[in-house]
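Here's the structure, in C-alpha cells; my notes come after.
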Amino acid sequence: MQLSQKHIDYWRKNLVITAILVLIWFFVTFVIGYYAIDLKDVTFLGFPIAFYMGAQGSLIIYVLIIWFYASYMNKLDLEYGVHEGEDQ
Amino acid sequence: MSNGAAPAFSQKTFTQQLKKYYAFYTGGFISFVILLAIAEQMGLPNRWIGYCFLFATILLYAGIGVMSRTADVAEYYVAGRRVPALFNGMATGADWMSAASFIAMAGGLYLQGYDGLAFIMGWTGGYCLVALFLAPYLRKFGQFTIPDFLGARYGGHIPRMVGMCAAILCSFTYVVAQIYGVGVITTRFTGVQFEVGVFLGLAGILVCSFLGGMRAVTWTQVAQYIILILAYMIPLVMLGMRHTGIPVPHVAYGYTLEKITKKEQELAKDPKELEVRGIFKKRANDADAKVKGLPASYGTEKAVVEKNLADLRATNAEPGKLKLAEDALKAFPPSPEAAKKKWEADKAAATARTGPPRPHATPFPGASEKARDIARKNFLALVFCLMVGTAALPHILMRYYTTPSVREARVSVTWSLFFIFLLYFSAPVLAVLVKYEMYHFVVGTAFADLPRWVANWHAVDRSLLNIVDINGDGIVQLAEIAIGGDIVVLATPEIARLPYVISGLVAAGGLAAALSTADGLLLTIANALSHDLYYKLINPQASTKTRLTVAKMLLLVVAVLAASVAAQKPADILFLVSAAFSLAAAGFFPALTLGIFWKRANKWGATLGMLAGVGVTFYYMCITQPWLRSVFGVKGTIAENTWWDISPISAGLFGVPLGFIVIIVVSLLTKAPEKEVQELVDHVRYPVLEGDLDTRGI
C-alpha cells in the first residue's frame, strides 16, 4: 500500500490540528490551574475566575475542543477523499 | 454495509426508531414517577416507594436485557457496530459515571471546595485525549478488545497478555467498588441486609449483560443514563429555584458562592465558634496526653471509668446515666495497643475540627507558602492522572468499537462528554447550594427549631450528619456539625422540600449509575478472558457457539467473584478506585498512543514500557500508601519515601512518562517493526484507504 502525497498532507493536517487542540487543553487545565492562587481577585458572574474555570469554564472548553475536532476532521475526510461511504 | 449481520433497514431508519423508542421510554418513566407521587399523596408508605423504584427499574433493565439477547459474536462483543453516535454517547455517559460520581462527588466538593474540582476537571478533560488520540483510530482498527489492538499492533502474544492483565487489574478493583455501591444503595432504601443488597444488585447487573453481552449492555446503559440524569437534575433545579429564582442555577450560583465566602469570614472569628473549636483543641490535647502516657495511662484511665460506674451504682443514679457509664466501660479498649489506636484516632478526629471553616472558593488554602505549593502540585498531578487514566480505561475505550464508522466515533466522543458534562457541571452547583443552606439555615439556629431534614437525617445515620451541642448553649455552631459527604446528594430532595418520591428517584439514579458502570466493567473483564485468553491463545479453533458459551460462563464467574469480594467490605475501597486510574494511565496510554502515532514503536518497547509504567506506579503506591505499606511491611516513614511530595493517589505521574521513555528507548535499541505492522498503522490513520486491510476480525 503506497501512500500518495495527498494522504501525507491529510495526516500532517491532522497532526497540526491535534497539536493545537492539545495545547489549548493543556493551557486551560494546567497553566490556569497553576496560576489559580494569583487569579483569586478576578471575578466573573460573582465567581472567582479560578473557581469558575475549574467548575464550568474548562469543561465547556473541553466539549468545544472535541466538537471542533470531530467536525474539522469529518470535513477533512471529505476534502481528501478518505471518507467512509453512507451507512458504513 | 460492512457489518457481520446486516440489518434489514438502513442506519438512518434505525436511528430514528431508537429516538422514538427512547422518547417513549422517557415519557413512560416520568409518568411512572408522577403516578408514584400521586400514590404517595394517597398514603403509600415511603418504604414501598423505595421498593417500587428498585424493582421497577431492575425489571426494566432485565426486560431490555432479555430483548437484546444474541448468539452473534459481533453483536455480543461490539453490539453489531451500529450504535449511533448520540446513543453511544449516552451509553458511554452511564458507563463512565459511577456511584462515586453520582453520590460522592458533590459531597467531596462540599468538603474540599476548590481542591475537589480536580475530579471534575480530571474526569471530563480526559475525553479530549480520548477524542484526539484514541477513539477514531481504535474504531478504524475495529476488533473486539483493547488487548486486540496491542496484539495486532505489536505482534505476538506477549503484548496482548500484558495488556490483558492490566485491563483485568484495573477493571476488577473498580467493579468491586461499584458492586459495593449497589449494596449500600439497596440497603439504604429498602432496609435489607448489606450482603443481600450486594447479591440483589448482582442479579440486576447480570440480567443486563448475561444474555446479550455488549448489545444488551448498550441499550440498558442508554436507559440508565436517562434515569440517572433526571434523578440528578430534578432536585437540583428545584433547590436552585428556591435560591436563585431561575431553573438554571448554574449561571447564578456565583452570587451564592460570594455569600458563602462572606459567611465563612464571619464564622472564622465568631466567639461562639472559637469556643467550640477551643473545646476540640482541649480534647485533642487530652487524647494526646493519654497516648504519651502509655502504658501507665491505660491503667489509670481504666480506673477512672470503673470508679465512675461504681460511684453511680453506689448513689443509685438514674438508669440512663448508669447505662452510659456501663457502655463506656464496655467500649474501653481491651489492651494498651488497642487503646493507643483508639486515642490516636480520637486525637485526629478532634484535631480535624479545631480549624476555621475551609474557604470554599479559594484554591489550595494552606498555612504556609510551602503547604500551598504542595497542595497545588498534588492538585495538578491528580488532574493529570485522572485525565490520562480516563483515556486508558478499557471499558470506556471499548465503547468506541461499537459505532458504525470512524466519523460517528468522533461525533460520539462529543456526545459522550456532553452527557457527562451535564452532571459534572451540576455537581459543584449542588455542593454550593447545600452549603449555603447549611451555613444560613442550620448554623445559628436553636437546636429546638432545626429544619426538618436535619432532624430526619440525624435520626437515620449519624455518620452522614451528626450535630452535638458541644458548648451547651442550645444554638448550632458550624464547628458542632460533622457531616459525611454523601448527604449532599441524598438529602437534597428533602432540603428542597420535595415529596419522598423524589428521594426514591435519587436512589434509582444512584443505582442506575452503579449498575451501568458495573456492567461495562464486568463485560470488559469477561471479554478479556474469553476473547484474548481463551479464543486467541488457548483455542483459536473454537466455534462461535463455544466462544459465546465460554464468554457467558466467565461473566458469571467474574461477577460472583467480584460480589463476594464486595460483600467482605474491603477497607480502602476508595483508594483502590483511584489507584485503578493511575495504573490504567501508566499501563495503556503510552503503548496505545505511540502505537498509533509512532510507526517505529515495537513489540519489546511496548511490552517493557507497559511493565515499567505499571511497575513504578505500583511501587510508588506501595512505599507511600498506609494500607499497602502495612501489607508489604515497608520501612521508613511516608515523608522519607515520597518523591517530590506527591501523594500515592497520583502515582501515575511517574508511571506515564516512564512508560513513554521506556517504549521509545527500547524500540530504538531493537529492530524496527515488520512492514505489515507499518501498514496496519497507516490503516488505522485513514478512515478509508485503497486496498484497505480487513481488521474486523470476525
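Chain labels run A, B, ... following the order of the C-alpha cells; each chain numbers its residues from 1, and ligands are numbered from 1 in the order shown.
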
Chain A residues within 9 Å of chain B, counting only C-alpha atoms: which ones, as a count of residues only? 51
